[in-house]
>>> print(open('my_file29.cif').read())   # mmCIF, C-alpha atoms and all ligand atoms
data_work
#
loop_
_atom_site.label_atom_id
_atom_site.label_comp_id
_atom_site.auth_asym_id
_atom_site.auth_seq_id
_atom_site.Cartn_x
_atom_site.Cartn_y
_atom_site.Cartn_z
CA MET A 1 4.94 -7.68 8.81
CA SER A 2 3.18 -10.77 9.89
CA LEU A 3 2.48 -13.61 7.50
CA VAL A 4 0.13 -16.14 9.04
CA LEU A 5 0.09 -19.52 7.30
CA LYS A 6 -2.72 -21.38 9.01
CA ASN A 7 -3.21 -25.12 8.55
CA LEU A 8 -2.15 -24.85 4.92
CA ARG A 9 -2.39 -28.10 2.96
CA LEU A 10 -1.44 -28.72 -0.65
CA PRO A 11 -1.24 -32.30 -1.99
CA LEU A 12 1.84 -32.78 -4.20
CA ALA A 13 3.04 -35.79 -6.18
CA HIS A 14 4.65 -37.72 -3.30
CA PHE A 15 3.47 -35.97 -0.13
CA THR A 16 1.19 -33.24 1.12
CA LEU A 17 2.65 -29.85 1.96
CA GLU A 18 1.39 -29.05 5.48
CA ILE A 19 2.38 -25.73 7.00
CA ASP A 20 1.21 -23.96 10.13
CA ALA A 21 3.46 -21.02 10.99
CA THR A 22 3.60 -17.28 11.53
CA LEU A 23 6.51 -15.45 9.89
CA SER A 24 7.47 -11.99 11.08
CA SER A 25 11.22 -11.57 10.60
CA ARG A 26 13.05 -9.25 8.21
CA VAL A 27 14.35 -12.21 6.24
CA THR A 28 13.01 -15.73 6.72
CA ALA A 29 14.91 -18.57 5.12
CA ILE A 30 13.15 -21.60 3.72
CA PHE A 31 15.82 -24.24 3.55
CA GLY A 32 15.50 -27.86 2.50
CA PRO A 33 16.53 -30.51 0.01
CA SER A 34 15.42 -30.48 -3.60
CA GLY A 35 11.78 -31.47 -3.89
CA SER A 36 10.89 -30.68 -0.25
CA GLY A 37 8.17 -28.20 -1.25
CA LYS A 38 9.94 -24.83 -1.00
CA THR A 39 8.81 -23.44 -4.37
CA SER A 40 5.29 -24.82 -3.86
CA LEU A 41 5.07 -22.88 -0.59
CA LEU A 42 6.20 -19.65 -2.28
CA GLU A 43 3.64 -20.21 -5.02
CA LEU A 44 0.88 -20.57 -2.41
CA ILE A 45 1.95 -17.28 -0.80
CA ALA A 46 2.19 -15.53 -4.18
CA GLY A 47 -1.27 -16.83 -5.14
CA LEU A 48 -0.02 -18.85 -8.10
CA ARG A 49 -1.49 -21.96 -6.46
CA ARG A 50 -4.47 -22.45 -4.20
CA PRO A 51 -4.25 -24.60 -1.07
CA ALA A 52 -6.61 -27.55 -0.60
CA SER A 53 -7.34 -26.13 2.85
CA GLY A 54 -6.14 -23.47 5.24
CA SER A 55 -5.58 -19.74 5.02
CA ILE A 56 -2.89 -17.11 4.40
CA GLU A 57 -3.02 -13.67 5.98
CA LEU A 58 -0.52 -10.88 5.32
CA SER A 59 -0.45 -8.12 7.97
CA GLY A 60 -4.17 -8.45 8.63
CA THR A 61 -5.29 -8.93 5.02
CA VAL A 62 -6.70 -12.34 4.15
CA LEU A 63 -5.05 -13.47 0.89
CA THR A 64 -6.53 -16.95 0.77
CA ASP A 65 -9.04 -18.74 2.95
CA ARG A 66 -10.55 -21.96 1.72
CA ALA A 67 -13.18 -21.94 4.47
CA THR A 68 -14.62 -18.56 3.45
CA HIS A 69 -13.74 -18.89 -0.27
CA GLN A 70 -11.60 -15.74 -0.16
CA PHE A 71 -8.85 -15.47 -2.74
CA ILE A 72 -6.91 -12.38 -3.79
CA ALA A 73 -5.38 -12.71 -7.26
CA PRO A 74 -1.54 -12.64 -7.44
CA GLN A 75 -1.40 -9.20 -9.09
CA HIS A 76 -3.42 -7.68 -6.23
CA ARG A 77 -1.40 -9.15 -3.36
CA ALA A 78 1.40 -6.54 -3.31
CA ILE A 79 3.86 -9.42 -3.15
CA GLY A 80 7.03 -9.39 -5.25
CA TYR A 81 7.98 -12.83 -6.51
CA VAL A 82 11.35 -13.48 -8.12
CA PRO A 83 11.22 -17.06 -9.44
CA GLN A 84 14.36 -19.14 -10.00
CA ASP A 85 14.88 -17.91 -13.55
CA GLY A 86 14.07 -14.26 -12.77
CA ALA A 87 11.25 -14.23 -15.37
CA LEU A 88 12.50 -11.09 -17.14
CA PHE A 89 11.26 -10.11 -20.60
CA PRO A 90 14.24 -11.12 -22.80
CA HIS A 91 13.36 -8.88 -25.75
CA LEU A 92 13.02 -5.71 -23.68
CA SER A 93 15.76 -3.44 -22.35
CA VAL A 94 16.76 -3.40 -18.70
CA ARG A 95 15.01 -0.03 -18.30
CA LYS A 96 11.76 -1.35 -19.75
CA ASN A 97 11.92 -4.45 -17.57
CA LEU A 98 12.40 -2.27 -14.50
CA LEU A 99 9.57 0.08 -15.44
CA TYR A 100 7.19 -2.79 -16.07
CA GLY A 101 6.71 -3.31 -12.34
CA PHE A 102 6.83 0.43 -11.69
CA SER A 103 3.89 1.29 -13.92
CA THR A 104 1.52 -1.14 -12.24
CA THR A 105 1.66 0.39 -8.79
CA HIS A 106 0.35 3.59 -7.23
CA GLU A 107 1.58 3.89 -3.67
CA ARG A 108 5.31 4.33 -3.37
CA PRO A 109 7.27 4.56 -0.14
CA ALA A 110 10.18 7.00 -0.10
CA GLY A 111 13.37 5.41 -1.42
CA LEU A 112 11.68 3.09 -3.86
CA SER A 113 12.39 5.31 -6.86
CA LEU A 114 13.90 4.09 -10.09
CA ASP A 115 17.03 6.20 -9.53
CA HIS A 116 17.61 4.92 -6.02
CA ILE A 117 17.12 1.27 -6.87
CA VAL A 118 19.36 1.58 -9.93
CA GLU A 119 21.98 3.13 -7.67
CA VAL A 120 21.69 0.52 -4.90
CA LEU A 121 21.91 -2.37 -7.35
CA GLU A 122 24.57 -0.61 -9.47
CA ILE A 123 22.77 -1.28 -12.73
CA SER A 124 22.86 2.16 -14.34
CA PRO A 125 25.42 1.07 -17.00
CA LEU A 126 23.01 -1.68 -18.01
CA LEU A 127 19.84 0.36 -18.49
CA ASP A 128 19.85 0.41 -22.28
CA ARG A 129 21.10 -3.15 -22.76
CA SER A 130 18.73 -5.94 -23.70
CA ILE A 131 18.24 -8.71 -21.15
CA ALA A 132 19.60 -11.28 -23.58
CA THR A 133 23.07 -9.66 -23.40
CA LEU A 134 23.38 -9.74 -19.58
CA SER A 135 25.31 -12.15 -17.40
CA GLY A 136 23.52 -14.31 -14.82
CA GLY A 137 24.42 -12.00 -11.95
CA GLU A 138 23.33 -8.89 -13.86
CA LYS A 139 20.00 -10.51 -14.68
CA GLN A 140 19.50 -11.37 -11.01
CA ARG A 141 20.09 -7.75 -10.01
CA VAL A 142 17.62 -6.53 -12.64
CA ALA A 143 15.02 -9.09 -11.49
CA LEU A 144 15.47 -7.86 -7.91
CA GLY A 145 15.16 -4.25 -9.06
CA ARG A 146 11.99 -4.95 -10.98
CA ALA A 147 10.40 -6.70 -8.01
CA LEU A 148 11.39 -3.84 -5.66
CA LEU A 149 10.01 -1.14 -7.95
CA ALA A 150 6.57 -2.66 -7.64
CA ALA A 151 6.80 -1.54 -3.96
CA PRO A 152 5.81 -4.92 -2.53
CA LYS A 153 4.80 -5.51 1.08
CA LEU A 154 6.67 -8.81 0.94
CA LEU A 155 9.39 -10.10 -1.37
CA LEU A 156 9.65 -13.80 -2.22
CA LEU A 157 13.03 -14.88 -3.57
CA ASP A 158 13.41 -18.41 -4.93
CA GLU A 159 17.08 -19.39 -4.87
CA PRO A 160 18.21 -16.07 -6.35
CA LEU A 161 21.86 -17.13 -6.38
CA ALA A 162 21.46 -20.81 -7.25
CA SER A 163 22.59 -20.67 -10.86
CA LEU A 164 25.66 -18.53 -10.18
CA ASP A 165 29.24 -19.54 -9.55
CA VAL A 166 30.82 -19.04 -6.13
CA ALA A 167 32.57 -15.78 -7.01
CA LEU A 168 29.40 -14.23 -8.37
CA LYS A 169 27.40 -15.39 -5.35
CA GLU A 170 29.84 -13.57 -3.11
CA ARG A 171 29.49 -10.42 -5.18
CA LEU A 172 25.68 -10.51 -5.08
CA ILE A 173 25.23 -11.12 -1.35
CA PRO A 174 26.05 -7.48 -0.49
CA TYR A 175 23.27 -6.32 -2.82
CA LEU A 176 20.80 -8.54 -0.97
CA LEU A 177 22.10 -7.16 2.33
CA ARG A 178 21.54 -3.64 1.03
CA ILE A 179 17.97 -4.49 0.06
CA ARG A 180 17.43 -5.96 3.50
CA ASP A 181 18.89 -2.96 5.30
CA GLU A 182 17.84 -0.01 3.11
CA PHE A 183 14.26 -0.94 2.27
CA THR A 184 11.90 -2.15 4.94
CA ILE A 185 10.52 -4.90 2.75
CA PRO A 186 10.44 -8.28 4.47
CA MET A 187 11.74 -11.20 2.46
CA ILE A 188 11.21 -14.93 2.30
CA TYR A 189 14.34 -16.44 0.92
CA VAL A 190 14.44 -19.97 -0.49
CA THR A 191 17.89 -21.49 -0.62
CA HIS A 192 19.95 -24.68 -0.45
CA SER A 193 22.89 -22.81 1.03
CA PRO A 194 23.55 -22.62 4.81
CA ASP A 195 26.04 -19.81 4.11
CA GLU A 196 23.31 -17.67 2.58
CA VAL A 197 20.93 -18.44 5.46
CA VAL A 198 23.50 -17.34 8.01
CA ALA A 199 24.61 -14.28 6.04
CA LEU A 200 21.13 -12.91 5.33
CA CYS A 201 18.37 -14.39 7.44
CA ASP A 202 16.98 -13.85 10.94
CA ASP A 203 14.71 -16.90 11.06
CA ALA A 204 14.98 -20.23 9.26
CA LEU A 205 12.51 -22.98 8.48
CA ILE A 206 13.87 -26.34 7.47
CA LEU A 207 11.42 -28.10 5.20
CA LEU A 208 11.41 -31.86 4.71
CA SER A 209 8.80 -33.62 2.59
CA GLY A 210 6.42 -30.68 2.90
CA LYS A 211 6.61 -30.31 6.71
CA ILE A 212 8.57 -27.92 8.91
CA GLU A 213 11.20 -30.20 10.39
CA LYS A 214 12.94 -27.50 12.41
CA ARG A 215 12.73 -23.78 12.92
CA GLY A 216 15.02 -21.34 14.65
CA ARG A 217 17.70 -18.71 14.45
CA PRO A 218 20.16 -19.52 11.66
CA ALA A 219 23.14 -19.48 14.02
CA ASP A 220 21.40 -22.09 16.19
CA LEU A 221 20.53 -24.35 13.27
CA PHE A 222 23.74 -24.13 11.28
CA GLU A 223 27.28 -24.39 12.44
CA VAL A 224 29.33 -21.38 11.51
CA SER A 225 33.00 -22.17 11.70
CA GLU A 226 34.23 -18.66 10.97
CA THR A 227 32.80 -15.17 10.60
CA PRO A 228 30.94 -15.14 7.29
CA ARG A 229 32.93 -13.27 4.65
CA TYR A 230 29.71 -11.82 3.32
CA ARG A 231 29.16 -9.83 6.48
CA LEU A 232 32.69 -8.47 6.57
CA ARG A 233 32.45 -7.16 3.04
CA GLU A 234 29.15 -5.45 3.78
CA GLN A 235 30.59 -3.74 6.86
CA LYS A 236 33.35 -2.27 4.72
CA GLY A 237 30.63 -0.84 2.49
CA ARG A 238 31.93 -2.67 -0.53
CA ALA A 239 29.57 -4.12 -3.09
CA GLU A 240 31.45 -4.69 -6.26
N1 LIG B 1 1.83 -29.09 -9.74
C1 LIG B 1 2.32 -30.13 -9.03
N2 LIG B 1 1.54 -31.20 -8.78
C2 LIG B 1 2.00 -32.25 -8.07
N3 LIG B 1 3.26 -32.31 -7.59
C3 LIG B 1 4.06 -31.26 -7.79
C4 LIG B 1 3.65 -30.12 -8.51
N4 LIG B 1 4.67 -29.24 -8.55
C5 LIG B 1 5.69 -29.80 -7.90
N5 LIG B 1 5.32 -31.02 -7.44
C6 LIG B 1 6.14 -31.96 -6.66
O1 LIG B 1 6.17 -31.50 -5.34
C7 LIG B 1 7.44 -31.70 -4.75
C8 LIG B 1 7.98 -30.38 -4.25
O2 LIG B 1 8.33 -29.53 -5.38
P1 LIG B 1 8.90 -28.07 -5.17
O3 LIG B 1 9.22 -27.52 -6.51
O4 LIG B 1 7.96 -27.30 -4.31
O5 LIG B 1 10.23 -28.41 -4.34
P2 LIG B 1 11.50 -27.51 -4.00
O6 LIG B 1 11.81 -27.79 -2.57
O7 LIG B 1 11.26 -26.10 -4.40
O8 LIG B 1 12.58 -28.17 -4.95
P3 LIG B 1 13.92 -27.53 -5.63
O9 LIG B 1 14.83 -27.21 -4.49
O10 LIG B 1 14.42 -28.66 -6.47
O11 LIG B 1 13.49 -26.33 -6.42
C9 LIG B 1 8.30 -32.37 -5.82
O12 LIG B 1 8.26 -33.76 -5.59
C10 LIG B 1 7.59 -32.01 -7.11
O13 LIG B 1 7.79 -33.03 -8.07
#
>>> encode(input="my_file29.cif", output="structure tokens")
Amino acid sequence: MSLVLKNLRLPLAHFTLEIDATLSSRVTAIFGPSGSGKTSLLELIAGLRRPASGSIELSGTVLTDRATHQFIAPQHRAIGYVPQDGALFPHLSVRKNLLYGFSTTHERPAGLSLDHIVEVLEISPLLDRSIATLSGGEKQRVALGRALLAAPKLLLLDEPLASLDVALKERLIPYLLRIRDEFTIPMIYVTHSPDEVVALCDDALILLSGKIEKRGRPADLFEVSETPRYRLREQKGRAE
């Protein structure tokens, strides 16, 4: 996967988002303080917003180019976007939420079946429950499952663990590691947490007032005082 963000500009309330970067890692972190433009950047990539100038190309396909007036609508980008709140349909069952993404796609790589994703995310006991009855962590797993079932070429995750308590975060990290390692879907992962960057990501962009302040390998950008617990749990094959 190669995501080329070329001279992208998007004026926001207090600054202009200005990004020029090529992303090609398995998991790229976008890290930065609140209001630094992380969600706005994901929305540009998803096609929910249009840049004032610049272009976005995903593995050779132009998604947006202001100069040539090209613009592929969000539903035709093959990009899975899990916004901060998960955006599930609250009145539908877990199964129906999962199948919503499933029914809109045609091509399906091996492994991206309903049964396999339900197994990986351990959500089979939840299938007939309504979304309204789920905990925060269960909803996050269903939102991930729904996005995966649409067989995206790229998965955008906006602070998927932000609203969860520490214990639940630790329980969900192994599921994200499984997604990273079992499916070959690259991810862009927005977070405020250095721990999550180090546990999950191969490349990290630090955003400040809409500009890339720093970029590098997570271990070079963040101090890790001890081996992350997340990794140890994954190696034991535990994902409770
Ligand atoms: N539609 C908009 N028009 C103008 N300004 C906007 C718009 N949407 C967001 N902003 C502003 O742009 C800045 C960046 O917002 P954004 O949501 O991208 O930040 P963020 O880094 O994702 O923040 P958080 O970590 O709090 O979610 C903020 O100052 C926000 O108020």
>>> residues_around(input="my_file29.cif", residues="Ala29 in chain A", least_positions_apart="4", cutoff="10 Å", atoms="only C-alpha atoms", output="short mmCIF file (atom, residue, chain, number, x, y, z; two decimals) with C-alpha atoms, in the coordinates of the input")
data_model
loop_
_atom_site.label_atom_id
_atom_site.label_comp_id
_atom_site.auth_asym_id
_atom_site.auth_seq_id
_atom_site.Cartn_x
_atom_site.Cartn_y
_atom_site.Cartn_z
CA SER A 25 11.22 -11.57 10.60
CA LEU A 157 13.03 -14.88 -3.57
CA MET A 187 11.74 -11.20 2.46
CA ILE A 188 11.21 -14.93 2.30
CA TYR A 189 14.34 -16.44 0.92
CA VAL A 190 14.44 -19.97 -0.49
CA THR A 191 17.89 -21.49 -0.62
CA HIS A 192 19.95 -24.68 -0.45
CA SER A 193 22.89 -22.81 1.03
CA PRO A 194 23.55 -22.62 4.81
CA GLU A 196 23.31 -17.67 2.58
CA VAL A 197 20.93 -18.44 5.46
CA VAL A 198 23.50 -17.34 8.01
CA LEU A 200 21.13 -12.91 5.33
CA CYS A 201 18.37 -14.39 7.44
CA ASP A 202 16.98 -13.85 10.94
CA ASP A 203 14.71 -16.90 11.06
CA ALA A 204 14.98 -20.23 9.26
CA LEU A 205 12.51 -22.98 8.48
CA ILE A 206 13.87 -26.34 7.47
CA ARG A 215 12.73 -23.78 12.92
CA GLY A 216 15.02 -21.34 14.65
CA ARG A 217 17.70 -18.71 14.45
CA PRO A 218 20.16 -19.52 11.66
#
>>> residues_near_ligand(input="my_file29.cif", ligand="ligand LIG 1 (chain B)", cutoff="6 Å", atoms="all atoms listed in the file", output="NGL selection string")
:A and (12-14 or 33-40)
>>> atom_distance(input="my_file29.cif", atom1="CA of Leu44 in chain A", atom2="CA of Leu17 in chain A")
10.4 Å
>>> closest_residue(input="my_file29.cif", among="A:Gly80, A:Pro11, A:Pro160, A:Pro125", to="Arg49 in chain A", atoms="only C-alpha atoms")
A:Pro11
>>> residues_around(input="my_file29.cif", residues="range 63-73 of chain A", least_positions_apart="4", cutoff="6 Å", atoms="only C-alpha atoms", output="PyMOL selection string")
chain A and resi 53-57
>>> residues_around(input="my_file29.cif", residues="His91 in chain A", least_positions_apart="4", cutoff="9 Å", atoms="only C-alpha atoms", output="PyMOL selection string")
chain A and resi 130-132
>>> axis_aligned_box(input="my_file29.cif", around="range 152-171 of chain A", padding_each_side="8 Å", output="JSON")
{"center_x": 18.7, "center_y": -12.9, "center_z": -4.9, "size_x": 43.8, "size_y": 31.9, "size_z": 27.9}
>>> closest_residue(input="my_file29.cif", among="A:Leu98, A:Leu156, A:Leu208, A:Leu168", to="Glu43 in chain A", atoms="only C-alpha atoms")
A:Leu156
>>> closest_residue(input="my_file29.cif", among="A:Ala150, A:Leu3, A:Thr133, A:Glu223", to="Ala78 in chain A", atoms="only C-alpha atoms")
A:Ala150
>>> residues_around(input="my_file29.cif", residues="Ala46 in chain A", least_positions_apart="6", cutoff="7 Å", atoms="all atoms listed in the file", output="list in words")
Pro74, Ile79 and Tyr81 of chain A
>>> residues_near_point(input="my_file29.cif", point="(16.9, -2.8, -10.9)", cutoff="10 Å", atoms="only C-alpha atoms", output="PDB file with C-alpha atoms, in the coordinates of the input")
ATOM      1  CA  VAL A  94      16.760  -3.400 -18.700  1.00  0.00           C
ATOM      2  CA  ARG A  95      15.010  -0.030 -18.300  1.00  0.00           C
ATOM      3  CA  ASN A  97      11.920  -4.450 -17.570  1.00  0.00           C
ATOM      4  CA  LEU A  98      12.400  -2.270 -14.500  1.00  0.00           C
ATOM      5  CA  LEU A  99       9.570   0.080 -15.440  1.00  0.00           C
ATOM      6  CA  LEU A 114      13.900   4.090 -10.090  1.00  0.00           C
ATOM      7  CA  ASP A 115      17.030   6.200  -9.530  1.00  0.00           C
ATOM      8  CA  HIS A 116      17.610   4.920  -6.020  1.00  0.00           C
ATOM      9  CA  ILE A 117      17.120   1.270  -6.870  1.00  0.00           C
ATOM     10  CA  VAL A 118      19.360   1.580  -9.930  1.00  0.00           C
ATOM     11  CA  GLU A 119      21.980   3.130  -7.670  1.00  0.00           C
ATOM     12  CA  VAL A 120      21.690   0.520  -4.900  1.00  0.00           C
ATOM     13  CA  LEU A 121      21.910  -2.370  -7.350  1.00  0.00           C
ATOM     14  CA  GLU A 122      24.570  -0.610  -9.470  1.00  0.00           C
ATOM     15  CA  ILE A 123      22.770  -1.280 -12.730  1.00  0.00           C
ATOM     16  CA  SER A 124      22.860   2.160 -14.340  1.00  0.00           C
ATOM     17  CA  LEU A 126      23.010  -1.680 -18.010  1.00  0.00           C
ATOM     18  CA  LEU A 127      19.840   0.360 -18.490  1.00  0.00           C
ATOM     19  CA  GLU A 138      23.330  -8.890 -13.860  1.00  0.00           C
ATOM     20  CA  LYS A 139      20.000 -10.510 -14.680  1.00  0.00           C
ATOM     21  CA  GLN A 140      19.500 -11.370 -11.010  1.00  0.00           C
ATOM     22  CA  ARG A 141      20.090  -7.750 -10.010  1.00  0.00           C
ATOM     23  CA  VAL A 142      17.620  -6.530 -12.640  1.00  0.00           C
ATOM     24  CA  ALA A 143      15.020  -9.090 -11.490  1.00  0.00           C
ATOM     25  CA  LEU A 144      15.470  -7.860  -7.910  1.00  0.00           C
ATOM     26  CA  GLY A 145      15.160  -4.250  -9.060  1.00  0.00           C
ATOM     27  CA  ARG A 146      11.990  -4.950 -10.980  1.00  0.00           C
ATOM     28  CA  ALA A 147      10.400  -6.700  -8.010  1.00  0.00           C
ATOM     29  CA  LEU A 148      11.390  -3.840  -5.660  1.00  0.00           C
ATOM     30  CA  LEU A 149      10.010  -1.140  -7.950  1.00  0.00           C
TER      31      LEU A 149
END
>>> closest_residue(input="my_file29.cif", among="A:Ile19, A:Ala87, A:Val82, A:Leu155", to="Lys6 in chain A", atoms="all atoms listed in the file")
A:Ile19
>>> closest_residue(input="my_file29.cif", among="A:Ile212, A:Leu42, A:Val27, A:Leu207", to="Leu177 in chain A", atoms="only C-alpha atoms")
A:Val27
>>> closest_residue(input="my_file29.cif", among="A:Glu18, A:Asp165, A:Glu159, A:Arg26", to="Asp181 in chain A", atoms="all atoms listed in the file")
A:Arg26
>>> atom_distance(input="my_file29.cif", atom1="CA of Arg50 in chain A", atom2="CA of Ser209 in chain A")
18.6 Å
>>> atom_distance(input="my_file29.cif", atom1="CA of Ala167 in chain A", atom2="CA of Ser135 in chain A")
13.2 Å
>>> build_atoms(input="my_file29.cif", residues="range 139-160 of chain A", atoms="N, CA and C atoms", output="PDB file, in the coordinates of the input")
ATOM      1  N   LYS A 139      21.443 -10.225 -14.571  1.00  0.00           N
ATOM      2  CA  LYS A 139      20.000 -10.510 -14.680  1.00  0.00           C
ATOM      3  C   LYS A 139      19.358 -10.606 -13.301  1.00  0.00           C
ATOM      4  N   GLN A 140      20.063 -11.240 -12.353  1.00  0.00           N
ATOM      5  CA  GLN A 140      19.500 -11.370 -11.010  1.00  0.00           C
ATOM      6  C   GLN A 140      19.285 -10.008 -10.370  1.00  0.00           C
ATOM      7  N   ARG A 141      20.246  -9.087 -10.595  1.00  0.00           N
ATOM      8  CA  ARG A 141      20.090  -7.750 -10.010  1.00  0.00           C
ATOM      9  C   ARG A 141      18.919  -7.006 -10.652  1.00  0.00           C
ATOM     10  N   VAL A 142      18.738  -7.185 -11.970  1.00  0.00           N
ATOM     11  CA  VAL A 142      17.620  -6.530 -12.640  1.00  0.00           C
ATOM     12  C   VAL A 142      16.289  -7.124 -12.144  1.00  0.00           C
ATOM     13  N   ALA A 143      16.257  -8.452 -11.972  1.00  0.00           N
ATOM     14  CA  ALA A 143      15.020  -9.090 -11.490  1.00  0.00           C
ATOM     15  C   ALA A 143      14.670  -8.586 -10.085  1.00  0.00           C
ATOM     16  N   LEU A 144      15.708  -8.410  -9.251  1.00  0.00           N
ATOM     17  CA  LEU A 144      15.470  -7.860  -7.910  1.00  0.00           C
ATOM     18  C   LEU A 144      14.944  -6.421  -8.008  1.00  0.00           C
ATOM     19  N   GLY A 145      15.564  -5.643  -8.887  1.00  0.00           N
ATOM     20  CA  GLY A 145      15.160  -4.250  -9.060  1.00  0.00           C
ATOM     21  C   GLY A 145      13.719  -4.147  -9.526  1.00  0.00           C
ATOM     22  N   ARG A 146      13.367  -4.995 -10.468  1.00  0.00           N
ATOM     23  CA  ARG A 146      11.990  -4.950 -10.980  1.00  0.00           C
ATOM     24  C   ARG A 146      10.990  -5.284  -9.866  1.00  0.00           C
ATOM     25  N   ALA A 147      11.316  -6.314  -9.087  1.00  0.00           N
ATOM     26  CA  ALA A 147      10.400  -6.700  -8.010  1.00  0.00           C
ATOM     27  C   ALA A 147      10.287  -5.574  -6.976  1.00  0.00           C
ATOM     28  N   LEU A 148      11.417  -4.908  -6.660  1.00  0.00           N
ATOM     29  CA  LEU A 148      11.390  -3.840  -5.660  1.00  0.00           C
ATOM     30  C   LEU A 148      10.587  -2.632  -6.128  1.00  0.00           C
ATOM     31  N   LEU A 149      10.693  -2.323  -7.430  1.00  0.00           N
ATOM     32  CA  LEU A 149      10.010  -1.140  -7.950  1.00  0.00           C
ATOM     33  C   LEU A 149       8.493  -1.280  -7.909  1.00  0.00           C
ATOM     34  N   ALA A 150       8.013  -2.480  -7.788  1.00  0.00           N
ATOM     35  CA  ALA A 150       6.570  -2.660  -7.640  1.00  0.00           C
ATOM     36  C   ALA A 150       6.123  -2.371  -6.204  1.00  0.00           C
ATOM     37  N   ALA A 151       7.069  -1.915  -5.353  1.00  0.00           N
ATOM     38  CA  ALA A 151       6.800  -1.540  -3.960  1.00  0.00           C
ATOM     39  C   ALA A 151       6.010  -2.621  -3.218  1.00  0.00           C
ATOM     40  N   PRO A 152       6.557  -3.835  -3.177  1.00  0.00           N
ATOM     41  CA  PRO A 152       5.810  -4.920  -2.530  1.00  0.00           C
ATOM     42  C   PRO A 152       5.817  -4.816  -1.007  1.00  0.00           C
ATOM     43  N   LYS A 153       4.821  -5.429  -0.392  1.00  0.00           N
ATOM     44  CA  LYS A 153       4.800  -5.510   1.080  1.00  0.00           C
ATOM     45  C   LYS A 153       5.622  -6.696   1.547  1.00  0.00           C
ATOM     46  N   LEU A 154       5.912  -7.598   0.620  1.00  0.00           N
ATOM     47  CA  LEU A 154       6.670  -8.810   0.940  1.00  0.00           C
ATOM     48  C   LEU A 154       7.372  -9.240  -0.356  1.00  0.00           C
ATOM     49  N   LEU A 155       8.615  -9.664  -0.204  1.00  0.00           N
ATOM     50  CA  LEU A 155       9.390 -10.100  -1.370  1.00  0.00           C
ATOM     51  C   LEU A 155       9.719 -11.586  -1.216  1.00  0.00           C
ATOM     52  N   LEU A 156       9.362 -12.371  -2.231  1.00  0.00           N
ATOM     53  CA  LEU A 156       9.650 -13.800  -2.220  1.00  0.00           C
ATOM     54  C   LEU A 156      10.783 -14.065  -3.205  1.00  0.00           C
ATOM     55  N   LEU A 157      11.871 -14.618  -2.710  1.00  0.00           N
ATOM     56  CA  LEU A 157      13.030 -14.880  -3.570  1.00  0.00           C
ATOM     57  C   LEU A 157      13.292 -16.379  -3.617  1.00  0.00           C
ATOM     58  N   ASP A 158      13.220 -16.961  -4.805  1.00  0.00           N
ATOM     59  CA  ASP A 158      13.410 -18.410  -4.930  1.00  0.00           C
ATOM     60  C   ASP A 158      14.810 -18.701  -5.443  1.00  0.00           C
ATOM     61  N   GLU A 159      15.690 -19.066  -4.549  1.00  0.00           N
ATOM     62  CA  GLU A 159      17.080 -19.390  -4.870  1.00  0.00           C
ATOM     63  C   GLU A 159      17.699 -18.376  -5.823  1.00  0.00           C
ATOM     64  N   PRO A 160      17.740 -17.106  -5.415  1.00  0.00           N
ATOM     65  CA  PRO A 160      18.210 -16.070  -6.350  1.00  0.00           C
ATOM     66  C   PRO A 160      19.652 -16.250  -6.786  1.00  0.00           C
TER      67      PRO A 160
END
